[in-house]
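Trainee: Encoded as structure tokens, here's the structure I'll be asking about.
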Amino acid sequence: LGGVLGGDVHVLNDAVNAIRCGTPDGVGVVVSCGTGGTAAGLGTDGTIYHRGFWPEPSGAREIGRLGLQSVQRAHLGLEPSTALTPLALARYGAADPDDLLHRLTARGRAASTDSRWFCPDVLDAAEVGDAAARAIVLREGSVLGGQARVCAEQVGYTGAFPLVFVGGVFRHPSRILRDAILAEVPGGEPVEMLWEPATAALLRAFDHLGIDASAAVAASLPEHAIFATD
């Protein structure tokens, strides 16, 4: 492949690449929470650890799915009532939980019925103290935090290290998810995303060539809104 492209080729998993979103040397651990969630690590000695699939799903789609599950369980009397119910009905334009279930499972349903769209509502409800929503967000933090801790251990971190947060779910103002993740990762020092993942891939390519192109890349970027995933 290097011969075809006329140069040295360095291939990285996209989760590993995303560490460069927050650290200038691209080293550390990343927690990514977008439509899906994952974690990856790159040690100071170049050791890399990531998994294509973790044993537990995470991300906006899973947060939303669990929120919608709680709505149905509350409707059936299997769980206490939850503030997620009116939020779900409003989000999907349903008259009641039975209508909601039909809309979410009907053949030919629209993409707008995807569970990921309910994630912001779950985060909103957790922030105001709804028990069901808060349990879901804390579970998400435990899952992603556990994955990040494994990555840190696998690449040799024993003290403090940068823990980069990337992904659209972290754009939500609630701190509950971040705090739950940090509680699982001793030594993780939170770093907010400085670059979008696509931009970080470009920067890492320049890094590999020994070129500091940060200023030039920053000056060439389009409006931030083009990257929005809300």
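Following the order of the structure tokens, chains are lettered A, B, ..., residues in each are numbered from 1, and ligands are numbered from 1.
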Got a sec: who's within 7 Å of Glu184 in chain A, counting only C-alpha atoms, leaving out chain neighbours fewer than 6 positions off, as a VMD selection string?
Mentor: chain A and resid 142 145 to 146 149
Trainee: Would you save the residues of that selection, restricted to N, CA and C atoms, as a PDB file, in the first residue's frame?
Mentor:
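Written file, part-v2.pdb:
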ATOM      1  N   SER A 142     -20.348   3.559  34.165  1.00  0.00           N
ATOM      2  CA  SER A 142     -19.638   2.381  34.662  1.00  0.00           C
ATOM      3  C   SER A 142     -19.077   1.550  33.516  1.00  0.00           C
ATOM      4  N   GLY A 145     -16.347   3.740  31.715  1.00  0.00           N
ATOM      5  CA  GLY A 145     -15.233   3.908  32.634  1.00  0.00           C
ATOM      6  C   GLY A 145     -14.448   2.624  32.816  1.00  0.00           C
ATOM      7  N   GLY A 146     -15.144   1.499  32.897  1.00  0.00           N
ATOM      8  CA  GLY A 146     -14.462   0.215  33.015  1.00  0.00           C
ATOM      9  C   GLY A 146     -13.622  -0.083  31.787  1.00  0.00           C
ATOM     10  N   ARG A 149     -10.522   2.062  31.916  1.00  0.00           N
ATOM     11  CA  ARG A 149      -9.567   1.562  32.912  1.00  0.00           C
ATOM     12  C   ARG A 149      -8.787   0.375  32.361  1.00  0.00           C
TER      13      ARG A 149
END
Trainee: Quick one: everything within 12 Å of Glu79 in chain A, counting only C-alpha atoms, minus sequence neighbours fewer than 5 positions away in the same chain. Send it as an NGL selection string.
Mentor: :A and (69-74 or 85 or 131-132)
Trainee: Could you produce a table of the residues of range 108-179 of chain A lying within 8 Å of range 51-66 of chain A, with the nearest pair of atoms per residue and their separation in Å rounded to one decimal, using only C-alpha atoms, ordered by chain and increasing residue number, as a tab-separated table?
Mentor:
residue	atom	partner	partner_atom	distance
A:Asp114	CA	A:Arg61	CA	7.5
A:Ser115	CA	A:Gly64	CA	4.8
A:Arg116	CA	A:Arg61	CA	3.8
A:Trp117	CA	A:Gly64	CA	6.9
A:Phe118	CA	A:Gly64	CA	4.7
A:Cys119	CA	A:Gly64	CA	4.5
A:Val122	CA	A:Gly64	CA	6.9
A:Ile136	CA	A:Ile63	CA	6.6
A:Val137	CA	A:Ile63	CA	7.1
A:Glu140	CA	A:Ser58	CA	6.4
A:Val143	CA	A:Glu56	CA	7.1
A:Leu144	CA	A:Ser58	CA	7.3
A:Gln147	CA	A:Trp54	CA	7.9
A:Val169	CA	A:Ala60	CA	6.5
Trainee: Keeping only C-alpha atoms, write those residues as a short mmCIF file (atom, residue, chain, number, x, y, z; two decimals), in the first residue's frame.
Mentor:
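The resulting selection.cif:
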data_model
loop_
_atom_site.label_atom_id
_atom_site.label_comp_id
_atom_site.auth_asym_id
_atom_site.auth_seq_id
_atom_site.Cartn_x
_atom_site.Cartn_y
_atom_site.Cartn_z
CA ASP A 114 -34.00 5.33 16.19
CA SER A 115 -33.42 5.08 19.93
CA ARG A 116 -30.35 7.34 19.75
CA TRP A 117 -32.57 10.39 19.40
CA PHE A 118 -33.91 9.76 22.90
CA CYS A 119 -30.47 10.00 24.51
CA VAL A 122 -32.50 10.61 29.20
CA ILE A 136 -29.17 4.45 33.00
CA VAL A 137 -26.57 7.23 32.84
CA GLU A 140 -23.25 4.00 30.97
CA VAL A 143 -19.42 0.59 31.31
CA LEU A 144 -17.31 3.22 29.55
CA GLN A 147 -13.40 0.01 29.38
CA VAL A 169 -23.09 12.67 23.84
#
Trainee: Determine, counting only C-alpha atoms, which protein, DNA and RNA residues have an atom within 8 Å of an atom of His172 in chain A; residues of the same chain fewer than 4 positions away are not included. Present the result as an MDAnalysis selection string.
Mentor: chainID A and resid 120 123 168
Trainee: List every residue of range 169-192 of chain A that has an atom at most 12 Å from any atom of range 10-33 of chain A, and for each one report the closest atom pair and its distance in Å to one decimal, counting only C-alpha atoms, with rows sorted by chain and then by increasing residue number, as a tab-separated table.
Mentor:
residue	atom	partner	partner_atom	distance
A:Val169	CA	A:Cys33	CA	5.7
A:Phe170	CA	A:Cys33	CA	7.0
A:Arg171	CA	A:Cys33	CA	9.9
A:His172	CA	A:Cys33	CA	11.2
A:Leu177	CA	A:Cys33	CA	10.1
A:Arg178	CA	A:Val31	CA	9.8
A:Ile181	CA	A:Val31	CA	8.8
A:Leu182	CA	A:Val31	CA	10.4
A:Val185	CA	A:Val29	CA	10.3
A:Gly187	CA	A:Val29	CA	10.8
A:Gly188	CA	A:Val29	CA	8.2
A:Glu189	CA	A:Val29	CA	9.7
A:Pro190	CA	A:Gly22	CA	9.5
A:Val191	CA	A:Gly22	CA	6.1
A:Glu192	CA	A:Gly22	CA	6.2
Trainee: Save out the residues we just selected, C-alpha atoms, as a short mmCIF file (atom, residue, chain, number, x, y, z; two decimals), in the first residue's frame.
Mentor:
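Generated file (part17.cif):
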data_model
loop_
_atom_site.label_atom_id
_atom_site.label_comp_id
_atom_site.auth_asym_id
_atom_site.auth_seq_id
_atom_site.Cartn_x
_atom_site.Cartn_y
_atom_site.Cartn_z
CA VAL A 169 -23.09 12.67 23.84
CA PHE A 170 -20.49 14.68 25.75
CA ARG A 171 -21.83 17.88 24.17
CA HIS A 172 -24.75 17.62 26.60
CA LEU A 177 -21.88 10.77 32.73
CA ARG A 178 -18.39 12.29 32.84
CA ILE A 181 -16.68 7.57 34.03
CA LEU A 182 -13.97 9.34 36.04
CA VAL A 185 -10.65 5.43 36.11
CA GLY A 187 -5.38 8.43 37.40
CA GLY A 188 -7.49 9.62 34.48
CA GLU A 189 -7.18 13.38 34.05
CA PRO A 190 -10.10 14.63 31.92
CA VAL A 191 -9.30 16.35 28.65
CA GLU A 192 -12.03 17.87 26.50
#
Trainee: Counting only C-alpha atoms, what is within 12 Å of Ala90 in chain A, bar same-chain residues fewer than 6 positions away, as number ranges by chain?
Mentor: A: 83-84, 96-97, 99-100, 117-118, 121
Trainee: Hey, what does DSSP flag as strand (DSSP E) within range 111-196 of chain A? Can you give it to me as JSON, numbers by chain?
Mentor: {"A": [161, 162, 163, 164, 165, 166, 188, 189, 190, 191, 192]}
Trainee: Could those selected residues go to a file with C-alpha atoms, as a compact mmCIF listing (two decimals), in the first residue's frame?
Mentor:
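Okay, this is what ended up in out.txt:
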# COMPACT_ATOMS: atom_id res chain seq x y z
CA PHE A 161 -2.61 10.10 32.31
CA PRO A 162 -4.83 12.14 29.96
CA LEU A 163 -8.36 10.81 29.51
CA VAL A 164 -9.83 12.35 26.38
CA PHE A 165 -13.61 12.71 26.00
CA VAL A 166 -14.94 12.68 22.42
CA GLY A 188 -7.49 9.62 34.48
CA GLU A 189 -7.18 13.38 34.05
CA PRO A 190 -10.10 14.63 31.92
CA VAL A 191 -9.30 16.35 28.65
CA GLU A 192 -12.03 17.87 26.50
Trainee: Excluding Cys151 in chain A and any residue of its chain fewer than 3 positions from it, enumerate the residues within 6 Å of it, using only C-alpha atoms, and give them as an MDAnalysis selection string.
Mentor: chainID A and resid 40:41 49 148 154
Trainee: If we count only C-alpha atoms and set the cut-off at 7 Å, which residues sit around Ala213 in chain A, ignoring sequence neighbours fewer than 4 positions away in its own chain? Please answer as a list in words.
Mentor: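 What passes the distance filter is Leu203, Phe206 and Val217 of chain A.
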Trainee: So that I have them on file, write out the residues from the current selection with N, CA and C atoms, as a tab-separated table (two decimals), in the first residue's frame.
Mentor:
chain	number	residue	atom	x	y	z
A	203	LEU	N	-4.05	15.65	11.52
A	203	LEU	CA	-2.94	16.10	12.35
A	203	LEU	C	-1.98	14.94	12.66
A	206	PHE	N	0.31	14.43	9.81
A	206	PHE	CA	1.40	15.40	9.83
A	206	PHE	C	2.42	15.07	10.92
A	217	VAL	N	-3.81	23.93	9.93
A	217	VAL	CA	-5.04	23.14	9.90
A	217	VAL	C	-6.18	23.91	10.56
Trainee: Counting only C-alpha atoms, what are the residues of range 106-164 of chain A within 8 Å of range 42-45 of chain A, and for each of them which pair of atoms is the nearest and at what distance in Å, to one decimal? Sort the table by chain and rising number, as a tab-separated table.
Mentor:
residue	atom	partner	partner_atom	distance
A:Ala152	CA	A:Gly43	CA	7.9
A:Val155	CA	A:Gly43	CA	4.9
A:Gly156	CA	A:Gly43	CA	6.4
A:Tyr157	CA	A:Gly43	CA	7.1
Trainee: If you run DSSP on the backbone, which residues of range 2-228 of chain A are helix (DSSP H, G or I), as an NGL selection string?
Mentor: :A and (2-5 or 14-21 or 60-75 or 84-92 or 97-105 or 111-113 or 115-127 or 131-154 or 168-171 or 176-183 or 197-208 or 214-220 or 224-227)
Trainee: Quick one: distance from CA of Pro197 in chain A to CA of Asp212 in chain A in Å, one decimal?
Mentor: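 Between CA of Pro197 in chain A and CA of Asp212 in chain A the gap works out to 17.5 Å.
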Trainee: Have a look at CA of Tyr92 in chain A and CA of Arg134 in chain A and let me know their distance in Å, one decimal.
Mentor: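 Atom-to-atom, CA of Tyr92 in chain A to CA of Arg134 in chain A, that is 21.1 Å.
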Trainee: For each of A:Gly77, A:Pro186, A:Pro173, A:Gly46, take the minimum atom-to-atom distance to Ala160 in chain A, counting only C-alpha atoms, then give the residue where this is smallest.
Mentor: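 Once distances to Ala160 in chain A are computed over only C-alpha atoms, the minimum belongs to A:Pro186.
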